[in-house]
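Engineer: Sharing start_31.txt, compact mmCIF, C-alpha atoms and all ligand atoms:
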# COMPACT_ATOMS: atom_id res chain seq x y z
CA MET A 713 146.42 226.56 29.44
CA SER A 714 148.93 224.86 31.76
CA SER A 715 148.72 221.14 32.55
CA LYS A 716 148.16 222.14 36.20
CA HIS A 717 145.10 224.11 35.12
CA HIS A 718 143.84 221.04 33.20
CA LYS A 719 144.09 218.89 36.30
CA ASN A 720 142.41 221.39 38.60
CA ASN A 721 139.49 222.00 36.30
CA GLU A 722 138.93 218.39 35.25
CA LEU A 723 138.45 218.98 31.53
CA PRO A 724 135.83 216.71 29.99
CA THR A 725 138.18 213.89 29.04
CA GLY A 726 137.93 210.20 29.94
CA ILE A 727 135.70 207.47 28.58
CA TRP A 728 133.62 207.48 31.75
CA ARG A 729 132.13 210.92 31.01
CA ARG A 730 130.06 209.60 28.13
CA PHE A 731 127.99 207.63 30.68
CA LEU A 732 127.20 210.63 32.91
CA ASN A 733 123.74 211.56 31.65
CA GLY A 734 122.22 212.40 35.04
CA LYS A 735 124.03 209.73 37.02
CA PRO A 736 126.20 210.41 40.08
CA GLU A 737 129.79 211.28 39.21
CA TYR A 738 131.32 208.66 41.54
CA LEU A 739 129.28 205.88 39.96
CA VAL A 740 130.22 206.84 36.41
CA ARG A 741 133.88 207.54 37.14
CA HIS A 742 134.62 204.40 39.16
CA TYR A 743 132.07 201.84 38.03
CA TRP A 744 131.10 202.65 34.42
CA TRP A 745 132.74 199.44 33.24
CA ALA A 746 130.79 197.31 35.74
CA TYR A 747 127.33 198.87 35.80
CA LEU A 748 126.83 201.22 32.86
CA TRP A 749 128.68 199.81 29.84
CA HIS A 750 126.48 197.27 28.04
CA TRP A 751 129.32 194.74 27.60
CA GLY A 752 130.13 195.07 31.30
CA VAL A 753 126.49 194.50 32.27
CA TRP A 754 126.34 191.47 29.96
CA PHE A 755 129.58 190.04 31.37
CA PHE A 756 128.94 190.53 35.08
CA ASP A 757 125.32 189.36 35.07
CA HIS A 758 126.34 185.71 34.91
CA GLN A 759 126.05 183.58 38.00
CA PRO A 760 129.65 182.21 37.92
CA ILE A 761 131.08 185.71 37.49
CA ILE A 762 129.12 187.32 40.32
CA ASN A 763 129.90 184.31 42.48
CA ALA A 764 133.63 184.65 41.72
CA ILE A 765 133.51 188.37 42.64
CA LEU A 766 132.07 187.41 46.02
CA PHE A 767 134.71 184.68 46.47
CA GLY A 768 132.16 181.89 46.10
CA GLN A 769 129.75 183.38 48.67
CA TYR A 770 126.96 184.64 46.38
CA ARG A 771 124.56 181.78 47.05
CA THR A 772 125.07 181.87 50.81
CA LEU A 773 124.60 185.63 50.97
CA SER A 774 121.65 185.91 48.62
CA LEU A 775 119.81 183.00 50.27
CA ARG A 776 120.40 184.51 53.70
CA ALA A 777 119.21 187.95 52.55
CA LEU A 778 116.14 186.33 51.00
CA ARG A 779 115.39 184.42 54.19
CA ASP A 780 115.88 187.50 56.37
CA CYS A 781 113.53 189.52 54.20
CA MET A 782 110.82 186.91 53.88
CA LYS A 783 110.66 185.26 57.32
CA ASN A 784 107.65 186.77 59.16
CA ARG A 785 107.80 189.63 56.69
CA PRO A 786 106.09 192.76 58.00
CA GLN A 787 102.94 193.45 56.03
CA GLY A 788 103.32 196.12 53.38
CA ARG A 789 105.41 197.24 50.43
CA PHE A 790 108.87 195.86 49.69
CA LEU A 791 111.68 197.96 48.21
CA GLN A 792 114.92 196.62 46.76
CA LEU A 793 117.22 199.62 46.92
CA THR A 794 119.15 199.34 43.63
CA CYS A 795 119.60 196.46 41.22
CA ALA A 796 121.93 193.55 41.83
CA TYR A 797 123.52 191.08 39.47
CA GLY A 798 122.54 187.42 39.76
CA SER A 799 119.28 185.79 40.73
CA LEU A 800 118.32 187.86 43.78
CA THR A 801 115.50 189.90 42.22
CA PRO A 802 113.85 186.89 40.50
CA ALA A 803 114.18 184.94 43.78
CA LEU A 804 112.51 187.73 45.77
CA LEU A 805 109.61 187.88 43.34
CA LYS A 806 109.25 184.13 43.43
CA ALA A 807 109.09 184.17 47.22
CA MET A 808 106.32 186.78 47.38
CA ASP A 809 103.02 187.19 45.59
CA ASP A 810 102.71 190.94 45.82
CA GLU A 811 104.71 193.68 44.12
CA LEU A 812 108.43 194.38 44.43
CA TYR A 813 109.57 197.97 44.08
CA LEU A 814 113.00 198.28 42.48
CA MET A 815 114.87 201.53 41.90
CA ASP A 816 118.23 202.29 40.36
CA VAL A 817 119.84 205.35 38.83
CA ALA A 818 120.93 203.37 35.75
CA ASP A 819 118.24 202.46 33.22
CA ILE A 820 120.49 199.73 31.77
CA GLN A 821 120.41 198.01 35.17
CA LEU A 822 116.63 198.23 35.47
CA THR A 823 116.29 196.78 31.96
CA ALA A 824 118.68 193.94 32.81
CA SER A 825 116.67 193.14 35.96
CA ARG A 826 113.42 193.04 34.01
CA LYS A 827 114.93 190.74 31.37
CA LYS A 828 115.67 188.08 34.00
CA LEU A 829 111.98 187.67 34.90
CA THR A 830 109.10 185.61 33.62
CA ASP A 831 106.03 187.39 32.20
CA GLU A 832 104.17 186.83 35.47
CA THR A 833 106.90 188.13 37.78
CA ARG A 834 107.74 191.06 35.45
CA GLU A 835 104.21 192.36 35.99
CA ARG A 836 104.87 192.51 39.73
CA LEU A 837 108.15 194.42 39.44
CA LEU A 838 107.67 198.16 39.78
CA CYS A 839 110.83 199.76 38.39
CA ALA A 840 111.76 203.40 38.74
CA ARG A 841 114.89 205.29 37.80
CA MET A 842 116.03 207.48 40.67
CA ASN A 843 118.99 208.31 42.87
CA ALA A 844 119.22 206.43 46.17
CA GLU A 845 120.38 209.69 47.75
CA LEU A 846 117.05 211.35 47.04
CA LEU A 847 114.23 208.86 46.72
CA ALA A 848 111.01 209.96 45.09
CA TYR A 849 108.92 207.77 47.40
CA GLY A 850 106.97 209.24 50.31
CA ASP A 851 107.78 208.91 54.01
CA ASN A 852 106.99 205.59 55.78
CA VAL A 853 105.69 203.78 52.70
CA PHE A 854 107.73 200.56 52.80
CA ALA A 855 107.51 197.68 55.28
CA THR A 856 110.76 196.10 54.04
CA VAL A 857 113.85 197.65 52.45
CA LEU A 858 116.69 195.48 51.15
CA ILE A 859 120.12 196.95 50.39
CA PHE A 860 122.39 194.40 48.73
CA PHE A 861 126.06 195.42 48.46
CA LEU A 862 125.37 199.07 47.70
CA LEU A 863 126.76 200.97 50.70
CA HIS A 864 130.44 200.07 50.23
CA GLU A 865 130.26 201.38 46.67
CA LEU A 866 129.23 204.87 47.77
CA PRO A 867 131.47 207.72 48.91
CA SER A 868 130.75 208.78 52.52
CA ASP A 869 128.35 211.65 51.77
CA ALA A 870 126.32 209.58 49.27
CA ARG A 871 126.26 206.73 51.79
CA GLU A 872 124.93 209.01 54.51
CA HIS A 873 122.22 210.40 52.21
CA SER A 874 121.18 206.94 50.99
CA VAL A 875 120.94 205.50 54.50
CA SER A 876 118.93 208.50 55.64
CA GLU A 877 116.55 208.04 52.70
CA ALA A 878 116.17 204.30 53.35
CA ILE A 879 115.12 205.09 56.92
CA ARG A 880 112.79 207.87 55.80
CA VAL A 881 110.81 205.61 53.46
CA LEU A 882 110.69 202.74 55.99
CA GLN A 883 107.53 202.67 58.07
CA PRO A 884 107.56 202.26 61.88
CA GLY A 885 107.75 198.52 62.56
CA GLY A 886 109.46 198.06 59.18
CA ARG A 887 112.53 195.92 58.46
CA LEU A 888 115.83 196.90 56.87
CA VAL A 889 118.11 194.14 55.58
CA ILE A 890 121.67 195.06 54.61
CA THR A 891 124.06 192.62 52.94
CA GLU A 892 127.60 193.94 52.95
CA TYR A 893 131.28 193.47 53.67
CA GLY A 894 132.01 192.90 57.34
CA ALA A 895 134.11 195.21 59.49
CA CYS A 896 137.74 195.78 58.49
CA PRO A 897 139.08 192.22 57.93
CA LYS A 898 142.60 192.75 59.26
CA LYS A 899 143.02 189.06 60.09
CA HIS A 900 141.56 187.74 56.86
CA LEU A 901 143.90 186.14 54.34
CA LEU A 902 142.58 188.39 51.57
CA TRP A 903 143.63 191.41 53.60
CA ARG A 904 146.98 190.01 54.72
CA LEU A 905 148.01 189.14 51.16
CA TRP A 906 148.95 192.51 49.70
CA PRO A 907 148.06 191.67 46.04
CA THR A 908 144.43 190.87 46.92
CA ARG A 909 144.23 193.83 49.29
CA LEU A 910 145.53 196.17 46.59
CA LEU A 911 143.19 194.69 43.99
CA LEU A 912 140.16 195.17 46.25
CA GLN A 913 141.18 198.71 47.12
CA ARG A 914 141.69 199.48 43.44
CA LEU A 915 138.36 198.00 42.29
CA GLU A 916 136.38 199.29 45.27
CA PRO A 917 137.67 202.79 46.05
CA PHE A 918 135.13 203.44 48.84
CA LEU A 919 135.41 200.08 50.59
CA GLU A 920 138.15 201.30 52.93
CA SER A 921 135.86 204.01 54.36
CA PHE A 922 133.01 201.49 54.64
CA TRP A 923 135.28 199.14 56.58
CA ARG A 924 135.95 201.90 59.11
CA LEU A 925 132.27 202.71 59.52
CA ASP A 926 130.17 201.83 62.56
CA LEU A 927 127.08 200.84 60.60
CA ILE A 928 124.62 200.56 63.49
CA ALA A 929 125.77 203.91 64.95
CA MET A 930 125.24 205.54 61.57
CA LEU A 931 121.76 204.06 61.19
CA GLN A 932 120.80 205.10 64.72
CA GLN A 933 122.01 208.63 64.14
CA HIS A 934 119.90 209.00 60.99
CA ALA A 935 116.89 207.36 62.59
CA LYS A 936 117.12 209.72 65.57
CA LYS A 937 117.14 212.76 63.29
CA GLN A 938 113.81 211.51 61.93
CA ASP A 939 112.37 210.73 65.38
CA LYS A 940 112.64 207.02 64.65
CA VAL A 941 114.28 204.28 66.68
CA ILE A 942 116.18 201.50 64.92
CA LYS A 943 117.41 198.26 66.49
CA GLN A 944 119.58 195.49 65.13
CA ILE A 945 117.81 192.16 65.50
CA ASP A 946 120.13 189.76 63.69
CA GLU A 947 123.58 189.51 62.13
CA PHE A 948 124.94 186.66 60.03
CA HIS A 949 128.60 186.33 59.09
CA CYS A 950 130.32 184.17 56.52
CA PHE A 951 133.72 183.67 54.87
CA SER A 952 135.49 184.32 58.20
CA ASP A 953 133.51 187.52 58.83
CA PHE A 954 134.46 189.01 55.45
CA TYR A 955 130.74 189.41 54.62
CA ARG A 956 127.64 189.95 56.74
CA VAL A 957 123.87 190.14 56.46
CA CYS A 958 122.35 192.48 59.06
CA VAL A 959 118.70 192.82 59.96
CA PHE A 960 117.34 195.98 61.58
CA GLU A 961 113.86 196.94 62.67
CA LEU A 962 112.26 200.29 63.34
CA ASP A 963 110.24 200.64 66.52
CA GLU A 964 106.48 200.71 66.01
CA SER A 965 106.20 204.16 67.53
CA LEU A 966 108.08 207.36 66.78
CA SER A 967 110.43 208.60 69.50
CA GLY A 968 109.65 212.30 69.30
C1 LIG B 1 123.62 197.21 44.38
S1 LIG B 1 125.10 197.85 43.89
C2 LIG B 1 126.16 196.45 43.85
C3 LIG B 1 125.57 195.15 43.56
C4 LIG B 1 126.50 193.97 43.59
N1 LIG B 1 127.82 194.26 43.13
C5 LIG B 1 125.81 192.91 42.82
O1 LIG B 1 125.51 193.11 41.66
O2 LIG B 1 125.49 191.90 43.41
C6 LIG B 1 125.12 198.27 42.20
C7 LIG B 1 123.92 199.05 41.69
O3 LIG B 1 123.79 200.26 42.40
C8 LIG B 1 123.42 201.28 41.49
N2 LIG B 1 123.74 202.57 42.12
C9 LIG B 1 124.91 203.00 42.57
N3 LIG B 1 124.79 204.23 43.13
C10 LIG B 1 123.49 204.57 43.04
C11 LIG B 1 122.70 205.68 43.45
N4 LIG B 1 123.24 206.73 44.08
N5 LIG B 1 121.39 205.66 43.20
C12 LIG B 1 120.80 204.62 42.59
N6 LIG B 1 121.48 203.55 42.16
C13 LIG B 1 122.81 203.50 42.38
C14 LIG B 1 124.19 200.96 40.23
O4 LIG B 1 123.62 201.55 39.09
C15 LIG B 1 124.12 199.44 40.22
O5 LIG B 1 123.02 198.97 39.51
Please rewrite the model in this file as structure tokens.
Structural biologist:
Amino acid sequence: MSSKHHKNNELPTGIWRRFLNGKPEYLVRHYWWAYLWHWGVWFFDHQPIINAILFGQYRTLSLRALRDCMKNRPQGRFLQLTCAYGSLTPALLKAMDDELYLMDVADIQLTASRKKLTDETRERLLCARMNAELLAYGDNVFATVLIFFLLHELPSDAREHSVSEAIRVLQPGGRLVITEYGACPKKHLLWRLWPTRLLLQRLEPFLESFWRLDLIAMLQQHAKKQDKVIKQIDEFHCFSDFYRVCVFELDESLSG
């Protein structure tokens, strides 16, 4: 077999393949070391590490996301769409007295999230292993959906599917909170310095396409396909617009 043939057919080589086991290929290939390898999960799930990855902005962003979710929270179920390192999940549970639904495609992440909780809050965390691109929840069952730094880690098609699913499970009148990178930060120092730009592009292979995305247009397009109407009601920026927390709401009535 020629080496060209090897490349074209992607023979099962590479450490990352041992983590596949039903998980999306992009996640395993690009992020196995961060989300699926037990030493990686142990390492990254420390407050100083996750704060360093977000250039010191973790507290600001997680507190803002928490506030945006909890302030006049629409009545009904709350979904955190995928796990996140740090204290976000425990803080959400502390701020509410009902149940928090948490899904992730990686069981190691769900286990790590559960380990951070007290006995009382653990009982109120409803974990399920599933793919964000194809949620097993019904239509219109959540009043709040929180997506914390997931979308920039997804290739375009997975991002489209996940956004469409988030809108599908969100009930009319429901709230969607998205914490993410801002728009392409061409004036930001981290972008202008080529070593940090290269490092970011290397570690986050789908960030470039996220930077080019018109997030609200994408959400509106998916909402429209489902006869829903989505509106942005708030946007918070920090670190010279490098990061943002956006709040969206679905209209009470369907448009169709
Ligand atoms: C929320 S994102 C990034 C979080 C951020 N870096 C942090 O920890 O603060 C990472 C999580 O998304 C999960 N994930 C990625 N793609 C997924 C998919 N298609 N379905 C479900 N979970 C997914 C990973 O397993 C991981 O737990």
Engineer: For Asp926 of chain A, which residue among A:Pro907, A:Pro736, A:Gly894, A:Pro884 is the nearest when counting all atoms listed in the file?
Structural biologist: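 Of all the options, A:Gly894 lies closest to Asp926 of chain A.
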Engineer: At a cut-off of 9 Å around ligand LIG 1 (chain B), and using all atoms listed in the file, what residues come up? Please write them as an NGL selection string.
Structural biologist: :A and (735-736 or 738-740 or 743-744 or 746-748 or 756-757 or 762-763 or 765-766 or 770 or 774 or 793-798 or 800 or 815-822 or 841-847 or 859-866 or 870-871 or 873-874)
Engineer: Give me the box for segment 802-820 of chain A as JSON, namely the centre and edge lengths in Å to one decimal of a box along x, y and z that holds every listed atom plus 8 Å on each side.
Structural biologist:
{"center_x": 111.8, "center_y": 194.7, "center_z": 39.6, "size_x": 34.2, "size_y": 37.2, "size_z": 31.6}
Engineer: For atom CA of Ala777 of chain A and atom CA of Leu858 of chain A, determine how far apart the two atoms are, in Å to one decimal place.
Structural biologist: 8.1 Å
Engineer: Just want the 9 Å neighbourhood of Cys958 of chain A, counted on all atoms listed in the file, with same-chain residues fewer than 3 positions away dropped. Output as a PDB file with C-alpha atoms, keeping the file's coordinate frame.
Structural biologist:
ATOM      1  CA  ALA A 777     119.210 187.950  52.550  1.00  0.00           C
ATOM      2  CA  ASP A 780     115.880 187.500  56.370  1.00  0.00           C
ATOM      3  CA  LEU A 888     115.830 196.900  56.870  1.00  0.00           C
ATOM      4  CA  VAL A 889     118.110 194.140  55.580  1.00  0.00           C
ATOM      5  CA  ILE A 890     121.670 195.060  54.610  1.00  0.00           C
ATOM      6  CA  THR A 891     124.060 192.620  52.940  1.00  0.00           C
ATOM      7  CA  GLU A 892     127.600 193.940  52.950  1.00  0.00           C
ATOM      8  CA  GLN A 944     119.580 195.490  65.130  1.00  0.00           C
ATOM      9  CA  ILE A 945     117.810 192.160  65.500  1.00  0.00           C
ATOM     10  CA  ASP A 946     120.130 189.760  63.690  1.00  0.00           C
ATOM     11  CA  GLU A 947     123.580 189.510  62.130  1.00  0.00           C
ATOM     12  CA  PHE A 948     124.940 186.660  60.030  1.00  0.00           C
ATOM     13  CA  HIS A 949     128.600 186.330  59.090  1.00  0.00           C
TER      14      HIS A 949
END
Engineer: List every protein, DNA or RNA residue that has an atom no more than 12 Å from (108.3, 188.6, 44.8) in the file's coordinate frame, counting all atoms listed in the file, and report them as a PyMOL selection string.
Structural biologist: chain A and resi 778+781-782+785+789-792+800-814+829-830+832-838
Engineer: Could you work out how far atom CA of Cys950 of chain A lies from atom CA of Pro760 of chain A, giving the answer in Å with one decimal?
Structural biologist: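 Interatomic distance, atom CA of Pro760 of chain A to atom CA of Cys950 of chain A: 18.7 Å.
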Engineer: One decimal, in Å: what's the spacing between atom CA of Pro897 of chain A and atom CA of Leu931 of chain A?
Structural biologist: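 It comes out at 21.2 Å.
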Engineer: Taking a cut-off of 10 Å and counting only C-alpha atoms, can you build a table that, for each residue of segment 838-899 of chain A near segment 932-937 of chain A, reports the nearest atom pair and how far apart they are in Å (one decimal), sorted by chain then residue number, as a Markdown table?
Structural biologist:
| residue | atom | partner | partner_atom | distance |
| --- | --- | --- | --- | --- |
| A:Glu872 | CA | A:His934 | CA | 8.2 |
| A:His873 | CA | A:His934 | CA | 9.2 |
| A:Val875 | CA | A:His934 | CA | 7.4 |
| A:Ser876 | CA | A:His934 | CA | 5.5 |
| A:Glu877 | CA | A:His934 | CA | 9.0 |
| A:Ala878 | CA | A:His934 | CA | 9.7 |
| A:Ile879 | CA | A:Ala935 | CA | 6.4 |
| A:Arg880 | CA | A:Ala935 | CA | 7.9 |
Engineer: As a list of chain:residue names, please: the residues near Trp745 of chain A (cut-off 12 Å, only C-alpha atoms, same-chain neighbours under 5 positions excluded).
Structural biologist: A:Ile727, A:Trp728, A:Arg729, A:Arg730, A:Phe731, A:Leu739, A:Val740, A:His750, A:Trp751, A:Gly752, A:Val753, A:Trp754, A:Phe755, A:Phe756, A:Leu915
Engineer: Name all residues at most 12 Å from Trp903 of chain A (count all atoms listed in the file; drop same-chain ones fewer than 4 positions away) and give them as a ChimeraX atom specification.
Structural biologist: /A:895-899,907-913,920,923,952,954
